[in-house]
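Trainee: Mind having a look at this structure? Questions to follow.
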2 protein chains.
Amino acid sequence: MPKYLEDFREGEIWQSGSVVLGEQEMIAYARANDPQPFHVDPAVARAGPFGGLIASGWQIAALSMRLFLEAGGHGDTPIVGIGIDELRWRQVVRPGDALRTTREIVEVRRSASKPDRGTIRTRVTVLNQRDEVVMTYYALGQVRARAIAPERTRS
Amino acid sequence: MPKYLEDFREGEIWQSGSVVLGEQEMIAYARANDPQPFHVDPAVARAGPFGGLIASGWQIAALSMRLFLEAGGHGDTPIVGIGIDELRWRQVVRPGDALRTTREIVEVRRSASKPDRGTIRTRVTVLNQRDEVVMTYYALGQVRARAIAPERTRS
C-alpha cells in the first residue's frame, strides 16, 4: 500500500544486505558507461594512480540504489527523485569488495506552496567489508501528502 | 600527454555529440541497477505518475559521463573523482529522447595544505532534443599540479 508524506518519520533506517562486486561486473559496467582506463583495463590500471582496477563511482551510486530497493525501498510508494547533494567517494572499490548500504530519513518537509506534496531527504552511506565508508550522499525525493481537511470556519 | 592543474582554465567547455536512449537500453540498465516499476515495466509505467516509462536518473548521470569521455574527456590526465554536488533531475527522459551534455570548468583551485595537487569543479548539463535541460550537477575532481620550484632564500 502506498505511503504518504505523513507516514514517513525522521530517523527511519534501511539496512541492506551485502553484495560482492566482481572484476567482470566492474569492467562490464564501465565499458558501457564510464570507460576510463582504470575502470576497464587491469594492466593499465596496475600502472596507474590506484595500483589496480577500481569501480566507476557511478556504478557504486547505482548499486546503492539497487541495494536499497532490495532492502524494501519505499514499497509501492512512488517517490519522484529530485536530486542528490554532497555525494562523496571516500574509498576506492576494488574487485571482490563486498558493499552494503544504509539509508536514513533525515528530513520530512511539506511543501509550503503546494501542500498536497512534500520532500523527503535521506542520508545514504555505502560501506565495504572492512566497515570503511566508501560513499555518502543525500537523496532528495518528492512524495504525495494525504488530502488536507478543509479548515473549519470558527464562528 | 597528461595535463596538470596549471593547464586547466575556468571557462573551458566540452560539448558532446548526441545519443538516443532507446526503451530496451533503459529497461536493461534499470533491471540491473534501479528496478523500479516505472523504469522497467512499460504497462505499469503507463498507469503511473509519469504516464509511461522513464529512464533511471542514475542512467542519465552515467550517460553524461560517457558522453563527456566520448567528447575527449580529460585525455590521458588521471582525475580522481571526489564528488558530486547539487545534482538535479529537471525533466524526465522517455524512450527515444536524444541526449547530449556540456561540461564547463567553473573553478580551478590549488590545495592550500597539499600544493602538489588541486581540485577542478565542473558544471555538467544534460539536454534533450528539445533543448530542455534534463539534468545538472557539479563534479569535483582532484588533479596533480606541476612540481613547485623550491623557494629561494633571500640573502
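Labels used: A, B, ... for chains in the order of the C-alpha cells, numbers from 1 for residues in each chain, and numbers from 1 for ligands as shown.
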For chain B against chain A, with a cut-off of 8 Å and counting only C-alpha atoms, what is the closest atom pair and its distance in Å to one decimal for every residue that makes the cut, ordered by chain and number, as a Markdown table?

Mentor:
| residue | atom | partner | partner_atom | distance |
| --- | --- | --- | --- | --- |
| B:Ala32 | CA | A:Arg66 | CA | 7.9 |
| B:Asn33 | CA | A:Arg66 | CA | 5.3 |
| B:Asp34 | CA | A:Arg66 | CA | 5.3 |
| B:Pro35 | CA | A:Arg66 | CA | 7.1 |
| B:Gln36 | CA | A:Leu69 | CA | 7.9 |
| B:Pro49 | CA | A:Pro78 | CA | 7.6 |
| B:Gly57 | CA | A:Gly81 | CA | 7.6 |
| B:Trp58 | CA | A:Ala62 | CA | 6.0 |
| B:Ala61 | CA | A:Trp58 | CA | 7.6 |
| B:Ala62 | CA | A:Asn33 | CA | 5.6 |
| B:Leu63 | CA | A:Asn33 | CA | 6.1 |
| B:Met65 | CA | A:Asp34 | CA | 6.1 |
| B:Arg66 | CA | A:Asp34 | CA | 5.3 |
| B:Leu69 | CA | A:Pro35 | CA | 7.6 |
| B:Pro78 | CA | A:Pro49 | CA | 7.6 |
| B:Gly81 | CA | A:Trp89 | CA | 7.1 |
| B:Ile82 | CA | A:Trp89 | CA | 5.6 |
| B:Gly83 | CA | A:Arg88 | CA | 4.2 |
| B:Ile84 | CA | A:Leu87 | CA | 4.9 |
| B:Asp85 | CA | A:Glu86 | CA | 4.9 |
| B:Glu86 | CA | A:Asp85 | CA | 4.9 |
| B:Leu87 | CA | A:Ile84 | CA | 4.9 |
| B:Arg88 | CA | A:Gly83 | CA | 4.2 |
| B:Trp89 | CA | A:Ile82 | CA | 5.6 |
| B:Arg90 | CA | A:Ile82 | CA | 7.5 |

Trainee: Quick one: residues within 7 Å of Trp14 in chain B, only C-alpha atoms counted, chain neighbours fewer than 4 positions away excluded, as a VMD selection string?

Mentor: chain B and resid 71 102 to 104

Trainee: Filtering to N, CA, C and O atoms, could you give me those residues as a PDB file, in the first residue's frame?

Mentor:
ATOM      1  N   ALA B  71      33.588  12.915 -25.869  1.00  0.00           N
ATOM      2  CA  ALA B  71      33.928  14.254 -26.367  1.00  0.00           C
ATOM      3  C   ALA B  71      35.387  14.600 -26.046  1.00  0.00           C
ATOM      4  O   ALA B  71      35.792  15.746 -26.180  1.00  0.00           O
ATOM      5  N   THR B 102      26.969  19.155 -21.931  1.00  0.00           N
ATOM      6  CA  THR B 102      28.048  20.130 -21.944  1.00  0.00           C
ATOM      7  C   THR B 102      28.681  20.116 -20.560  1.00  0.00           C
ATOM      8  O   THR B 102      28.019  19.795 -19.562  1.00  0.00           O
ATOM      9  N   ARG B 103      29.971  20.429 -20.532  1.00  0.00           N
ATOM     10  CA  ARG B 103      30.717  20.398 -19.275  1.00  0.00           C
ATOM     11  C   ARG B 103      31.654  21.591 -19.270  1.00  0.00           C
ATOM     12  O   ARG B 103      32.423  21.759 -20.214  1.00  0.00           O
ATOM     13  N   GLU B 104      31.564  22.415 -18.269  1.00  0.00           N
ATOM     14  CA  GLU B 104      32.358  23.643 -18.213  1.00  0.00           C
ATOM     15  C   GLU B 104      33.130  23.707 -16.906  1.00  0.00           C
ATOM     16  O   GLU B 104      32.573  23.450 -15.836  1.00  0.00           O
TER      17      GLU B 104
END

Trainee: State, in Å with one decimal place, the distance from CA of Ala112 in chain A to CA of Glu132 in chain B.

Mentor: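 CA of Glu132 in chain B lies 26.6 Å from CA of Ala112 in chain A.
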
Trainee: Taking the chain letters and numbering used in this document, name the residues of range 6-151 of chain A that DSSP puts in helix (DSSP H, G or I), as a PyMOL selection string.

Mentor: chain A and resi 6-7+23-33+37-40+42-47+57-70

Trainee: Hey, can you spit out that residue selection with C-alpha atoms as an mmCIF file, in the first residue's frame?

Mentor:
data_model
loop_
_atom_site.group_PDB
_atom_site.id
_atom_site.type_symbol
_atom_site.label_atom_id
_atom_site.label_comp_id
_atom_site.auth_asym_id
_atom_site.auth_seq_id
_atom_site.Cartn_x
_atom_site.Cartn_y
_atom_site.Cartn_z
ATOM 1 C CA GLU A 6 2.677 11.822 6.766
ATOM 2 C CA ASP A 7 3.757 8.162 7.031
ATOM 3 C CA GLU A 23 36.072 -7.637 -11.660
ATOM 4 C CA GLN A 24 33.998 -8.679 -14.667
ATOM 5 C CA GLU A 25 30.966 -6.809 -13.387
ATOM 6 C CA MET A 26 33.078 -3.697 -12.805
ATOM 7 C CA ILE A 27 34.577 -3.852 -16.296
ATOM 8 C CA ALA A 28 31.199 -4.507 -17.959
ATOM 9 C CA TYR A 29 29.585 -1.519 -16.253
ATOM 10 C CA ALA A 30 32.497 0.773 -17.008
ATOM 11 C CA ARG A 31 32.718 -0.283 -20.673
ATOM 12 C CA ALA A 32 29.091 0.681 -21.176
ATOM 13 C CA ASN A 33 29.004 3.782 -19.003
ATOM 14 C CA PRO A 37 41.423 3.122 -18.286
ATOM 15 C CA PHE A 38 41.491 2.498 -14.514
ATOM 16 C CA HIS A 39 37.895 1.164 -14.717
ATOM 17 C CA VAL A 40 38.214 -1.103 -17.784
ATOM 18 C CA PRO A 42 43.503 -4.177 -15.413
ATOM 19 C CA ALA A 43 47.029 -3.829 -16.903
ATOM 20 C CA VAL A 44 46.809 -0.073 -17.407
ATOM 21 C CA ALA A 45 45.121 0.273 -14.013
ATOM 22 C CA ARG A 46 48.013 -1.516 -12.264
ATOM 23 C CA ALA A 47 50.435 1.141 -13.514
ATOM 24 C CA GLY A 57 31.934 5.866 -8.924
ATOM 25 C CA TRP A 58 28.664 5.886 -10.850
ATOM 26 C CA GLN A 59 28.433 2.121 -10.503
ATOM 27 C CA ILE A 60 28.737 2.426 -6.729
ATOM 28 C CA ALA A 61 25.994 5.060 -6.751
ATOM 29 C CA ALA A 62 23.716 2.872 -8.870
ATOM 30 C CA LEU A 63 24.486 -0.114 -6.650
ATOM 31 C CA SER A 64 23.427 1.874 -3.576
ATOM 32 C CA MET A 65 20.045 2.309 -5.272
ATOM 33 C CA ARG A 66 19.678 -1.376 -6.102
ATOM 34 C CA LEU A 67 20.660 -2.441 -2.576
ATOM 35 C CA PHE A 68 18.126 -0.022 -1.109
ATOM 36 C CA LEU A 69 15.374 -1.405 -3.361
ATOM 37 C CA GLU A 70 16.326 -4.962 -2.377
#

Trainee: CA of Pro2 in chain A and CA of Arg146 in chain A are how many Å apart?

Mentor: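 CA of Arg146 in chain A lies at a distance of 10.9 Å from CA of Pro2 in chain A.
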
Trainee: Would you mind telling me which residue in B:Asp41, B:Asp97, B:Asp116, B:Glu12 lies nearest to Arg144 in chain B when using only C-alpha atoms?

Mentor: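 Among the listed residues, the smallest separation from Arg144 in chain B belongs to B:Asp116.
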
Trainee: Quick one, how far is CA of Val93 in chain B from CA of Asp131 in chain B?

Mentor: 12.5 Å

Trainee: Name the residues in contact with Ala98 in chain A at a cut-off of 8 Å, using only C-alpha atoms, excluding same-chain residues fewer than 6 positions from it; report them as a list of chain:residue names.

Mentor: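 Here the qualifying residues turn out to be A:Ser18, A:Val19, A:Val20, A:Leu21, A:Asn128, A:Gln129.
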
Trainee: Would you export the selected residues with C-alpha atoms as a CSV table (one decimal), in the first residue's frame, please?

Mentor:
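Once everything was written out, this is selection.csv:
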chain,number,residue,atom,x,y,z
A,18,SER,CA,25.8,-7.1,1.2
A,19,VAL,CA,27.0,-7.9,-2.4
A,20,VAL,CA,30.4,-8.6,-3.8
A,21,LEU,CA,31.4,-6.6,-6.8
A,128,ASN,CA,32.7,-2.1,2.5
A,129,GLN,CA,33.6,-5.4,4.2

Trainee: In terms of the shortest atom-to-atom distance over only C-alpha atoms, which of A:Ser113, A:Thr125, A:Thr101, A:Thr119 is closest to Phe8 in chain A?

Mentor: A:Thr119

Trainee: With only C-alpha atoms as the counted atoms, please give the residues lying no more than 10 Å from Ser111 in chain B, apart from itself and same-chain residues fewer than 6 positions off, as a PyMOL selection string.

Mentor: chain B and resi 117-119+142+145
